[in-house]
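S.K.: What follows is a single structure, and I will ask about it in a moment.
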Amino acid sequence: MTTLLINIKEVLQVRGTAIANVAGEAMKTLPILQNGYIYIVDDVISDVGIMANIEIASADKIIDCTGKIVLPTWCDSHTHLVYAGNRAQEFVDRINGLSYEEIANRGGGILNSAKKLQETSEDELFVQSAKRLEEVMRMGTGAIEIKSGYGLTTEAELKMLRVAKRLKETYNFAIKTTFLGAHAVPANYKGNQDGYMDLVINEMLPKVAAENLAEYVDIFCEKGYFTLKDTERLLKAAQHYNLIPKIHVNQFNAFGGVALGVKYNALSVDHLEELNDADIEALQGSNTMPVALPSCSYFLSIPYTPARKLMDAGLPVALATDYNPGSTPSGNMNFVVSTACIKMKMTPEEAINAATINGAYAMGLSETHGSITVGKAANLIITKEIESYNVLPYAFGDTNIEQVLINGKVI
(Lines give C-alpha, C1' and ligand atoms only; values in the text may rest on other atoms or scores of the structure.)
Protein backbone atom coordinates (compact mmCIF):
# COMPACT_ATOMS: atom_id res chain seq x y z
CA MET A 1 0.00 0.00 0.00
CA THR A 2 1.41 3.38 -1.00
CA THR A 3 0.06 6.80 -0.04
CA LEU A 4 1.14 10.17 -1.39
CA LEU A 5 0.38 13.50 0.27
CA ILE A 6 0.83 16.36 -2.21
CA ASN A 7 0.67 20.16 -2.31
CA ILE A 8 1.24 20.42 1.45
CA LYS A 9 1.28 24.09 2.43
CA GLU A 10 3.79 23.42 5.25
CA VAL A 11 5.40 20.21 6.44
CA LEU A 12 6.44 20.66 10.09
CA GLN A 13 9.11 18.89 12.12
CA VAL A 14 11.03 17.57 9.12
CA ARG A 15 14.29 16.03 10.33
CA GLY A 16 16.82 14.47 7.97
CA THR A 17 17.97 12.08 10.67
CA ALA A 18 16.30 10.71 13.78
CA ILE A 19 17.60 13.04 16.50
CA ALA A 20 17.02 12.20 20.17
CA ASN A 21 15.49 15.50 21.34
CA VAL A 22 15.86 19.26 21.20
CA ALA A 23 16.86 21.43 24.16
CA GLY A 24 17.24 25.03 25.22
CA GLU A 25 17.60 27.52 22.39
CA ALA A 26 17.13 24.79 19.77
CA MET A 27 13.51 24.38 20.88
CA LYS A 28 12.73 27.71 19.21
CA THR A 29 13.48 26.20 15.80
CA LEU A 30 10.90 24.06 14.01
CA PRO A 31 12.16 22.67 10.68
CA ILE A 32 9.64 23.34 7.89
CA LEU A 33 9.23 22.52 4.20
CA GLN A 34 7.01 24.78 2.10
CA ASN A 35 4.83 23.27 -0.65
CA GLY A 36 5.90 19.76 0.15
CA TYR A 37 4.98 16.12 -0.33
CA ILE A 38 5.25 12.96 1.75
CA TYR A 39 5.38 9.46 0.25
CA ILE A 40 4.37 6.54 2.46
CA VAL A 41 5.03 2.87 1.77
CA ASP A 42 2.93 0.60 3.97
CA ASP A 43 3.37 2.05 7.47
CA VAL A 44 6.56 4.11 7.14
CA ILE A 45 7.63 7.39 5.59
CA SER A 46 9.57 6.61 2.43
CA ASP A 47 10.27 10.08 1.01
CA VAL A 48 9.79 13.74 1.91
CA GLY A 49 10.48 16.74 -0.25
CA ILE A 50 9.20 19.80 -2.07
CA MET A 51 6.69 19.54 -4.93
CA ALA A 52 9.16 21.13 -7.37
CA ASN A 53 11.41 18.07 -6.99
CA ILE A 54 8.81 15.31 -6.82
CA GLU A 55 9.53 12.29 -9.03
CA ILE A 56 6.78 9.98 -7.77
CA ALA A 57 4.16 9.59 -10.49
CA SER A 58 1.49 7.52 -8.76
CA ALA A 59 0.34 5.89 -5.52
CA ASP A 60 -2.51 3.68 -4.33
CA LYS A 61 -3.94 6.66 -2.46
CA ILE A 62 -3.30 10.34 -3.14
CA ILE A 63 -4.31 13.05 -0.66
CA ASP A 64 -4.31 16.63 -1.86
CA CYS A 65 -3.25 18.85 1.06
CA THR A 66 -3.61 22.23 -0.64
CA GLY A 67 -3.81 24.95 2.01
CA LYS A 68 -3.18 22.44 4.79
CA ILE A 69 -0.34 21.75 7.19
CA VAL A 70 1.07 18.30 7.97
CA LEU A 71 2.96 17.49 11.15
CA PRO A 72 3.85 14.35 13.11
CA THR A 73 1.18 13.08 15.50
CA TRP A 74 1.46 14.08 19.14
CA CYS A 75 3.52 11.88 21.47
CA ASP A 76 1.78 11.78 24.86
CA SER A 77 4.37 10.49 27.31
CA HIS A 78 2.35 10.61 30.56
CA THR A 79 -1.16 9.20 30.92
CA HIS A 80 -3.31 7.05 33.19
CA LEU A 81 -5.68 6.20 30.34
CA VAL A 82 -6.68 2.78 31.75
CA TYR A 83 -9.11 3.54 34.58
CA ALA A 84 -12.69 2.77 35.60
CA GLY A 85 -15.59 5.21 35.88
CA ASN A 86 -14.94 8.87 36.69
CA ARG A 87 -14.59 11.30 39.61
CA ALA A 88 -17.07 13.96 38.53
CA GLN A 89 -18.39 14.39 42.08
CA GLU A 90 -14.92 15.29 43.31
CA PHE A 91 -14.80 17.96 40.61
CA VAL A 92 -17.87 19.50 42.23
CA ASP A 93 -16.33 19.07 45.70
CA ARG A 94 -13.32 21.12 44.61
CA ILE A 95 -15.59 23.85 43.25
CA ASN A 96 -17.20 23.90 46.68
CA GLY A 97 -13.86 24.52 48.35
CA LEU A 98 -12.24 21.17 49.14
CA SER A 99 -8.59 20.79 48.16
CA TYR A 100 -7.12 17.82 46.28
CA GLU A 101 -5.44 16.72 49.52
CA GLU A 102 -8.65 17.06 51.57
CA ILE A 103 -10.56 14.92 49.08
CA ALA A 104 -7.83 12.28 49.24
CA ASN A 105 -7.90 12.28 53.05
CA ARG A 106 -11.65 11.53 52.94
CA GLY A 107 -11.05 8.39 50.88
CA GLY A 108 -11.46 10.11 47.54
CA GLY A 109 -8.85 10.73 44.90
CA ILE A 110 -6.67 7.78 43.89
CA LEU A 111 -8.28 5.49 46.49
CA ASN A 112 -11.71 6.18 45.01
CA SER A 113 -10.47 5.23 41.52
CA ALA A 114 -8.76 2.14 42.93
CA LYS A 115 -12.01 0.90 44.48
CA LYS A 116 -13.87 1.34 41.19
CA LEU A 117 -11.14 -0.38 39.22
CA GLN A 118 -10.94 -3.34 41.57
CA GLU A 119 -14.68 -3.85 41.08
CA THR A 120 -14.49 -3.65 37.25
CA SER A 121 -13.81 -6.73 35.13
CA GLU A 122 -10.83 -6.81 32.82
CA ASP A 123 -13.08 -6.95 29.75
CA GLU A 124 -15.15 -3.95 30.86
CA LEU A 125 -11.98 -2.04 31.71
CA PHE A 126 -10.71 -2.76 28.20
CA VAL A 127 -13.95 -1.46 26.64
CA GLN A 128 -13.80 1.81 28.63
CA SER A 129 -10.09 2.30 27.88
CA ALA A 130 -10.42 1.46 24.18
CA LYS A 131 -13.01 4.20 23.79
CA ARG A 132 -10.60 6.72 25.31
CA LEU A 133 -7.73 5.53 23.11
CA GLU A 134 -9.84 5.91 19.97
CA GLU A 135 -10.81 9.43 21.06
CA VAL A 136 -7.22 10.59 21.57
CA MET A 137 -6.16 9.04 18.26
CA ARG A 138 -8.80 11.12 16.50
CA MET A 139 -7.40 14.18 18.28
CA GLY A 140 -3.96 13.54 16.82
CA THR A 141 -2.13 11.38 19.35
CA GLY A 142 0.03 8.77 17.62
CA ALA A 143 2.02 7.34 20.54
CA ILE A 144 1.11 7.12 24.21
CA GLU A 145 2.38 5.98 27.59
CA ILE A 146 -0.07 4.28 29.96
CA LYS A 147 0.55 3.84 33.69
CA SER A 148 -0.99 1.49 36.18
CA GLY A 149 -1.57 2.88 39.68
CA TYR A 150 -5.32 2.75 40.14
CA GLY A 151 -5.25 -0.87 41.24
CA LEU A 152 -3.24 -0.79 44.49
CA THR A 153 -3.57 -4.57 44.81
CA THR A 154 -1.38 -7.02 42.97
CA GLU A 155 -4.18 -8.44 40.81
CA ALA A 156 -5.68 -5.03 40.00
CA GLU A 157 -2.31 -3.55 39.03
CA LEU A 158 -1.65 -6.52 36.75
CA LYS A 159 -5.16 -6.14 35.31
CA MET A 160 -4.45 -2.53 34.30
CA LEU A 161 -1.19 -3.44 32.61
CA ARG A 162 -2.77 -6.40 30.81
CA VAL A 163 -5.44 -4.07 29.44
CA ALA A 164 -2.75 -1.64 28.22
CA LYS A 165 -0.92 -4.52 26.52
CA ARG A 166 -4.19 -5.66 24.93
CA LEU A 167 -4.81 -2.14 23.61
CA LYS A 168 -1.36 -2.12 22.02
CA GLU A 169 -1.97 -5.44 20.29
CA THR A 170 -5.57 -4.71 19.25
CA TYR A 171 -4.87 -1.31 17.72
CA ASN A 172 -1.30 -1.93 16.49
CA PHE A 173 -0.48 1.32 18.23
CA ALA A 174 2.68 2.64 19.91
CA ILE A 175 1.90 2.18 23.60
CA LYS A 176 4.54 2.18 26.34
CA THR A 177 3.53 0.83 29.76
CA THR A 178 4.64 1.94 33.20
CA PHE A 179 4.19 0.16 36.53
CA LEU A 180 2.94 2.68 39.12
CA GLY A 181 1.97 0.47 42.03
CA ALA A 182 3.34 3.15 44.37
CA HIS A 183 0.69 5.71 43.46
CA ALA A 184 -0.95 5.93 46.89
CA VAL A 185 -1.09 3.89 50.09
CA PRO A 186 -4.33 1.86 50.08
CA ALA A 187 -6.73 2.13 53.00
CA ASN A 188 -5.89 -1.33 54.37
CA TYR A 189 -2.23 -0.27 54.70
CA LYS A 190 -2.94 3.06 56.43
CA GLY A 191 -0.21 3.58 59.00
CA ASN A 192 1.89 0.84 57.42
CA GLN A 193 3.52 2.47 54.42
CA ASP A 194 6.61 0.26 54.71
CA GLY A 195 4.35 -2.77 54.54
CA TYR A 196 2.77 -1.53 51.33
CA MET A 197 6.18 -0.83 49.83
CA ASP A 198 7.10 -4.42 50.72
CA LEU A 199 4.09 -5.59 48.72
CA VAL A 200 4.97 -3.38 45.73
CA ILE A 201 8.60 -4.47 45.67
CA ASN A 202 8.43 -8.10 46.72
CA GLU A 203 5.17 -9.22 45.10
CA MET A 204 3.95 -6.77 42.43
CA LEU A 205 7.29 -5.96 40.83
CA PRO A 206 8.36 -9.58 40.19
CA LYS A 207 4.95 -10.46 38.70
CA VAL A 208 4.95 -7.42 36.43
CA ALA A 209 8.41 -8.40 35.21
CA ALA A 210 7.53 -12.08 34.82
CA GLU A 211 4.61 -11.23 32.51
CA ASN A 212 6.66 -8.56 30.70
CA LEU A 213 3.90 -6.03 31.33
CA ALA A 214 5.93 -2.85 31.73
CA GLU A 215 9.05 -1.16 30.46
CA TYR A 216 9.07 1.64 33.03
CA VAL A 217 8.55 2.07 36.76
CA ASP A 218 6.99 5.08 38.47
CA ILE A 219 6.26 6.35 41.99
CA PHE A 220 4.37 9.38 43.31
CA CYS A 221 7.28 11.00 45.14
CA GLU A 222 5.33 13.66 47.01
CA LYS A 223 4.60 14.75 50.59
CA GLY A 224 1.64 12.78 51.86
CA TYR A 225 2.32 9.97 49.38
CA PHE A 226 5.83 8.46 49.07
CA THR A 227 9.12 9.68 50.50
CA LEU A 228 12.59 9.93 49.00
CA LYS A 229 13.46 6.79 50.97
CA ASP A 230 10.50 4.94 49.44
CA THR A 231 11.43 6.19 45.99
CA GLU A 232 15.07 5.13 46.22
CA ARG A 233 14.07 1.75 47.59
CA LEU A 234 11.74 1.13 44.63
CA LEU A 235 14.10 2.43 41.95
CA LYS A 236 16.93 0.31 43.32
CA ALA A 237 14.71 -2.80 43.30
CA ALA A 238 13.46 -2.04 39.79
CA GLN A 239 17.01 -2.09 38.44
CA HIS A 240 17.04 -5.87 39.02
CA TYR A 241 14.18 -6.17 36.49
CA ASN A 242 15.63 -3.62 34.03
CA LEU A 243 12.67 -1.27 34.55
CA ILE A 244 13.58 2.32 33.69
CA PRO A 245 12.29 5.10 36.01
CA LYS A 246 9.73 7.68 34.84
CA ILE A 247 8.65 9.36 38.05
CA HIS A 248 6.08 11.79 39.44
CA VAL A 249 7.99 14.58 41.22
CA ASN A 250 7.49 18.17 42.38
CA GLN A 251 3.74 18.42 41.82
CA PHE A 252 3.13 20.17 45.14
CA ASN A 253 6.55 20.25 46.81
CA ALA A 254 10.22 20.32 45.80
CA PHE A 255 12.32 18.25 48.18
CA GLY A 256 14.93 16.36 46.17
CA GLY A 257 12.91 14.01 43.98
CA VAL A 258 14.37 15.39 40.74
CA ALA A 259 17.98 14.76 41.79
CA LEU A 260 17.04 11.28 42.94
CA GLY A 261 15.44 10.54 39.57
CA VAL A 262 18.57 11.72 37.79
CA LYS A 263 20.72 9.57 40.09
CA TYR A 264 18.82 6.48 38.91
CA ASN A 265 18.91 7.55 35.23
CA ALA A 266 15.21 8.30 35.00
CA LEU A 267 14.06 8.69 31.42
CA SER A 268 11.78 11.49 32.60
CA VAL A 269 10.71 13.43 35.67
CA ASP A 270 7.11 14.54 35.34
CA HIS A 271 4.97 17.38 36.76
CA LEU A 272 7.60 19.85 38.05
CA GLU A 273 5.02 22.49 38.93
CA GLU A 274 7.34 23.33 41.83
CA LEU A 275 10.97 23.73 40.81
CA ASN A 276 14.06 25.19 42.44
CA ASP A 277 17.64 25.94 41.38
CA ALA A 278 18.90 22.63 42.78
CA ASP A 279 16.46 20.77 40.52
CA ILE A 280 17.69 22.70 37.47
CA GLU A 281 21.29 21.96 38.39
CA ALA A 282 20.53 18.25 38.85
CA LEU A 283 18.96 18.03 35.37
CA GLN A 284 21.82 19.77 33.58
CA GLY A 285 24.16 17.27 31.96
CA SER A 286 21.72 14.41 32.50
CA ASN A 287 19.72 12.35 29.99
CA THR A 288 16.48 12.90 31.95
CA MET A 289 13.61 14.68 30.20
CA PRO A 290 11.56 17.21 32.20
CA VAL A 291 7.87 16.69 31.37
CA ALA A 292 5.25 19.38 31.95
CA LEU A 293 1.53 18.61 32.33
CA PRO A 294 -0.23 21.96 31.82
CA SER A 295 -3.80 20.66 31.63
CA CYS A 296 -3.33 19.22 35.15
CA SER A 297 -2.34 22.69 36.37
CA TYR A 298 -5.36 24.13 34.57
CA PHE A 299 -7.80 21.63 36.09
CA LEU A 300 -6.45 21.80 39.66
CA SER A 301 -5.64 25.53 39.62
CA ILE A 302 -2.07 24.89 40.71
CA PRO A 303 1.10 26.55 39.34
CA TYR A 304 2.34 25.71 35.85
CA THR A 305 5.73 24.12 35.23
CA PRO A 306 8.25 26.94 34.67
CA ALA A 307 9.17 25.79 31.17
CA ARG A 308 10.86 29.07 30.32
CA LYS A 309 13.26 28.60 33.26
CA LEU A 310 14.09 25.07 32.11
CA MET A 311 14.71 26.08 28.50
CA ASP A 312 16.71 29.16 29.46
CA ALA A 313 18.98 26.80 31.41
CA GLY A 314 19.61 24.88 28.20
CA LEU A 315 17.31 22.00 29.08
CA PRO A 316 14.65 20.23 27.00
CA VAL A 317 10.95 20.13 27.89
CA ALA A 318 8.28 17.64 26.85
CA LEU A 319 4.52 18.14 27.08
CA ALA A 320 1.97 15.46 28.01
CA THR A 321 -1.65 15.28 29.12
CA ASP A 322 -1.61 13.37 32.44
CA TYR A 323 -4.97 11.94 31.25
CA ASN A 324 -6.63 10.53 34.39
CA PRO A 325 -10.03 10.64 36.14
CA GLY A 326 -9.06 12.92 39.02
CA SER A 327 -6.75 15.73 37.99
CA THR A 328 -6.90 15.73 34.18
CA PRO A 329 -9.95 14.04 32.64
CA SER A 330 -8.82 14.89 29.11
CA GLY A 331 -6.39 13.35 26.65
CA ASN A 332 -6.49 16.30 24.26
CA MET A 333 -2.89 17.12 23.32
CA ASN A 334 -4.10 20.06 21.23
CA PHE A 335 -5.34 21.72 24.41
CA VAL A 336 -2.01 20.89 26.09
CA VAL A 337 -0.08 22.66 23.32
CA SER A 338 -2.40 25.67 23.50
CA THR A 339 -2.18 25.87 27.29
CA ALA A 340 1.61 25.64 27.18
CA CYS A 341 1.65 28.69 24.91
CA ILE A 342 -1.02 30.64 26.79
CA LYS A 343 -0.06 29.91 30.39
CA MET A 344 3.59 28.81 30.23
CA LYS A 345 4.64 31.35 27.56
CA MET A 346 6.13 28.73 25.28
CA THR A 347 6.26 29.75 21.64
CA PRO A 348 4.33 27.61 19.13
CA GLU A 349 7.64 26.22 17.89
CA GLU A 350 8.73 25.24 21.41
CA ALA A 351 5.37 23.69 22.24
CA ILE A 352 5.22 21.64 19.04
CA ASN A 353 8.78 20.41 19.60
CA ALA A 354 7.85 19.52 23.19
CA ALA A 355 4.74 17.61 22.11
CA THR A 356 6.38 15.68 19.27
CA ILE A 357 10.12 14.92 19.25
CA ASN A 358 10.64 15.49 22.98
CA GLY A 359 7.50 13.56 23.88
CA ALA A 360 8.81 10.67 21.79
CA TYR A 361 12.11 10.81 23.71
CA ALA A 362 10.26 10.65 27.03
CA MET A 363 8.82 7.29 25.91
CA GLY A 364 11.97 5.88 24.34
CA LEU A 365 10.50 6.32 20.84
CA SER A 366 12.86 8.89 19.29
CA GLU A 367 13.98 6.49 16.55
CA THR A 368 10.45 5.77 15.29
CA HIS A 369 8.16 8.68 16.23
CA GLY A 370 8.07 12.42 16.86
CA SER A 371 9.31 13.79 13.53
CA ILE A 372 8.74 13.50 9.80
CA THR A 373 11.81 11.51 8.91
CA VAL A 374 12.36 8.85 6.26
CA GLY A 375 12.07 5.43 7.90
CA LYS A 376 9.90 6.60 10.80
CA ALA A 377 6.30 5.57 11.42
CA ALA A 378 3.84 7.27 9.06
CA ASN A 379 1.84 8.84 11.90
CA LEU A 380 0.69 12.22 10.67
CA ILE A 381 -1.77 15.02 11.36
CA ILE A 382 -3.33 16.79 8.37
CA THR A 383 -4.86 20.07 9.47
CA LYS A 384 -7.81 21.90 8.03
CA GLU A 385 -6.98 24.79 5.71
CA ILE A 386 -5.35 27.23 8.14
CA GLU A 387 -3.25 30.35 7.78
CA SER A 388 -0.21 29.04 9.67
CA TYR A 389 0.78 26.59 12.39
CA ASN A 390 0.35 29.43 14.90
CA VAL A 391 -3.38 28.81 14.57
CA LEU A 392 -2.99 25.39 16.23
CA PRO A 393 -2.32 26.81 19.74
CA TYR A 394 -4.20 30.06 19.06
CA ALA A 395 -7.57 28.40 18.37
CA PHE A 396 -7.57 26.54 21.68
CA GLY A 397 -11.18 25.39 21.38
CA ASP A 398 -10.72 23.68 18.01
CA THR A 399 -8.34 20.86 17.11
CA ASN A 400 -8.14 22.16 13.51
CA ILE A 401 -7.46 18.57 12.47
CA GLU A 402 -9.00 17.22 9.28
CA GLN A 403 -7.39 13.78 9.11
CA VAL A 404 -5.06 11.61 11.19
CA LEU A 405 -2.88 8.85 9.75
CA ILE A 406 -1.65 6.04 11.98
CA ASN A 407 0.79 3.56 10.44
CA GLY A 408 0.05 5.09 7.05
CA LYS A 409 -3.70 4.63 7.25
CA VAL A 410 -6.35 7.32 7.72
CA ILE A 411 -8.30 6.57 10.90
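Convention: chains lettered A, B, ... in C-alpha coordinates order; per-chain residue numbering from 1; ligands numbered from 1 as shown.
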Looking only at helix (DSSP H, G or I) from DSSP on the backbone, list the matching residues of segment 4-220 of chain A as JSON, numbers by chain.

M.R.: {"A": [24, 25, 26, 27, 28, 51, 52, 53, 88, 89, 90, 91, 92, 93, 94, 95, 100, 101, 102, 103, 104, 105, 110, 111, 112, 113, 114, 115, 116, 117, 118, 122, 123, 124, 125, 126, 127, 128, 129, 130, 131, 132, 133, 134, 135, 136, 137, 138, 154, 155, 156, 157, 158, 159, 160, 161, 162, 163, 164, 165, 166, 167, 168, 169, 170, 171, 187, 188, 189, 193, 194, 195, 196, 197, 198, 199, 200, 201, 202, 203, 204, 205, 206, 207, 208, 209, 210]}

S.K.: Taking only residues of segment 312-404 of chain A that have an atom at most 7 Å from an atom of segment 18-32 of chain A, what is each one's shortest atom pair and its distance in Å to one decimal, using only C-alpha atoms, in chain and number order, as CSV?

M.R.:
```
residue,atom,partner,partner_atom,distance
A:Asp312,CA,A:Gly24,CA,5.9
A:Ala313,CA,A:Gly24,CA,6.7
A:Gly314,CA,A:Gly24,CA,3.8
A:Leu315,CA,A:Gly24,CA,4.9
A:Pro316,CA,A:Ala23,CA,3.8
A:Glu349,CA,A:Lys28,CA,5.5
A:Glu350,CA,A:Met27,CA,4.9
A:Asn353,CA,A:Met27,CA,6.3
A:Ile357,CA,A:Asn21,CA,5.8
A:Asn358,CA,A:Asn21,CA,5.1
A:Tyr361,CA,A:Ala20,CA,6.2
A:Ser366,CA,A:Ala20,CA,5.4
A:Glu367,CA,A:Ala18,CA,5.6
A:Thr373,CA,A:Ala18,CA,6.7
```

S.K.: Can you work out which one of A:Lys376, A:Ser338, A:Asp279, A:Lys246 has the shortest atom-to-atom distance to Ala395 of chain A, counting only C-alpha atoms?

M.R.: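 Of A:Lys376, A:Ser338, A:Asp279, A:Lys246, the one nearest Ala395 of chain A, counting only C-alpha atoms, is A:Ser338.
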
S.K.: Give me, please, the distance in Å between atom CA of Pro325 of chain A and atom CA of Lys345 of chain A, quoted to one decimal.

M.R.: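 Calculated distance between atom CA of Pro325 of chain A and atom CA of Lys345 of chain A is 26.8 Å.
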
S.K.: Quick one, how far is atom CA of Tyr196 of chain A from atom CA of Leu152 of chain A?

M.R.: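 Computing it gives 9.1 Å between the two atoms.
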
S.K.: Fewer than 2 positions away in the same chain doesn't count, so skip those; otherwise give me all residues within 9 Å of segment 218-229 of chain A, counting only C-alpha atoms, as a PyMOL selection string.

M.R.: chain A and resi 101+147+149+178-185+193+216+231-235+244-257+260

S.K.: Take the residues from that selection and write them out as a short mmCIF file (atom, residue, chain, number, x, y, z; two decimals), in the first residue's frame, keeping N, CA and C atoms.

M.R.:
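Output saved as result-v4.cif:
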```
data_model
loop_
_atom_site.label_atom_id
_atom_site.label_comp_id
_atom_site.auth_asym_id
_atom_site.auth_seq_id
_atom_site.Cartn_x
_atom_site.Cartn_y
_atom_site.Cartn_z
N GLU A 101 -5.92 17.48 48.37
CA GLU A 101 -5.44 16.72 49.52
C GLU A 101 -6.59 16.38 50.47
N LYS A 147 0.10 4.29 32.38
CA LYS A 147 0.55 3.84 33.69
C LYS A 147 -0.52 3.00 34.37
N GLY A 149 -1.53 1.99 38.53
CA GLY A 149 -1.57 2.88 39.68
C GLY A 149 -2.94 3.11 40.27
N THR A 178 3.89 1.58 32.00
CA THR A 178 4.64 1.94 33.20
C THR A 178 3.95 1.37 34.43
N PHE A 179 4.72 0.70 35.28
CA PHE A 179 4.19 0.16 36.53
C PHE A 179 4.24 1.23 37.61
N LEU A 180 3.06 1.63 38.10
CA LEU A 180 2.94 2.68 39.12
C LEU A 180 2.18 2.14 40.34
N GLY A 181 2.62 1.02 40.84
CA GLY A 181 1.97 0.47 42.03
C GLY A 181 2.06 1.41 43.22
N ALA A 182 3.14 2.18 43.28
CA ALA A 182 3.34 3.15 44.37
C ALA A 182 2.74 4.50 44.00
N HIS A 183 1.42 4.49 43.82
CA HIS A 183 0.69 5.71 43.46
C HIS A 183 0.05 6.34 44.69
N ALA A 184 -0.39 5.51 45.61
CA ALA A 184 -0.95 5.93 46.89
C ALA A 184 -0.92 4.73 47.82
N VAL A 185 -1.02 4.98 49.11
CA VAL A 185 -1.09 3.89 50.09
C VAL A 185 -2.55 3.50 50.26
N GLN A 193 3.00 2.17 55.75
CA GLN A 193 3.52 2.47 54.42
C GLN A 193 4.65 1.53 54.04
N TYR A 216 8.68 0.57 32.11
CA TYR A 216 9.07 1.64 33.03
C TYR A 216 8.47 1.43 34.41
N THR A 231 11.11 6.08 47.41
CA THR A 231 11.43 6.19 45.99
C THR A 231 12.75 5.50 45.67
N GLU A 232 13.77 5.76 46.48
CA GLU A 232 15.07 5.13 46.22
C GLU A 232 14.99 3.61 46.39
N ARG A 233 14.24 3.19 47.36
CA ARG A 233 14.07 1.75 47.59
C ARG A 233 13.45 1.07 46.36
N LEU A 234 12.41 1.70 45.80
CA LEU A 234 11.74 1.13 44.63
C LEU A 234 12.64 1.17 43.40
N LEU A 235 13.27 2.31 43.16
CA LEU A 235 14.10 2.43 41.95
C LEU A 235 15.28 1.48 41.99
N ILE A 244 13.01 0.97 33.72
CA ILE A 244 13.58 2.32 33.69
C ILE A 244 12.64 3.28 34.42
N PRO A 245 13.17 4.16 35.28
CA PRO A 245 12.29 5.10 36.01
C PRO A 245 11.72 6.21 35.12
N LYS A 246 10.43 6.50 35.35
CA LYS A 246 9.73 7.68 34.84
C LYS A 246 8.87 8.12 36.01
N ILE A 247 9.27 9.15 36.74
CA ILE A 247 8.65 9.36 38.05
C ILE A 247 7.90 10.69 38.20
N HIS A 248 6.85 10.61 39.03
CA HIS A 248 6.08 11.79 39.44
C HIS A 248 6.90 12.55 40.51
N VAL A 249 7.26 13.78 40.22
CA VAL A 249 7.99 14.58 41.22
C VAL A 249 7.54 16.04 41.16
N ASN A 250 7.65 16.71 42.31
CA ASN A 250 7.49 18.17 42.38
C ASN A 250 6.13 18.67 41.92
N GLN A 251 5.06 17.89 42.16
CA GLN A 251 3.74 18.42 41.82
C GLN A 251 3.30 19.48 42.82
N PHE A 252 3.53 19.22 44.10
CA PHE A 252 3.13 20.17 45.14
C PHE A 252 4.31 20.67 45.97
N ASN A 253 5.39 19.90 45.99
CA ASN A 253 6.55 20.25 46.81
C ASN A 253 7.84 19.85 46.10
N ALA A 254 8.89 20.64 46.33
CA ALA A 254 10.22 20.32 45.80
C ALA A 254 11.12 19.95 46.97
N PHE A 255 11.49 18.67 47.05
CA PHE A 255 12.32 18.25 48.18
C PHE A 255 13.36 17.19 47.80
N GLY A 256 13.82 17.23 46.56
CA GLY A 256 14.93 16.36 46.17
C GLY A 256 14.57 15.21 45.25
N GLY A 257 13.32 15.12 44.84
CA GLY A 257 12.91 14.01 43.98
C GLY A 257 13.54 14.06 42.60
N LEU A 260 17.09 12.72 42.74
CA LEU A 260 17.04 11.28 42.94
C LEU A 260 16.70 10.56 41.64
#
```

S.K.: Can you pull out every residue within 6 Å of segment 48-54 of chain A, counting only C-alpha atoms, but drop anything in the same chain fewer than 2 positions away, and send it as a ChimeraX atom specification?

M.R.: /A:35-38,56
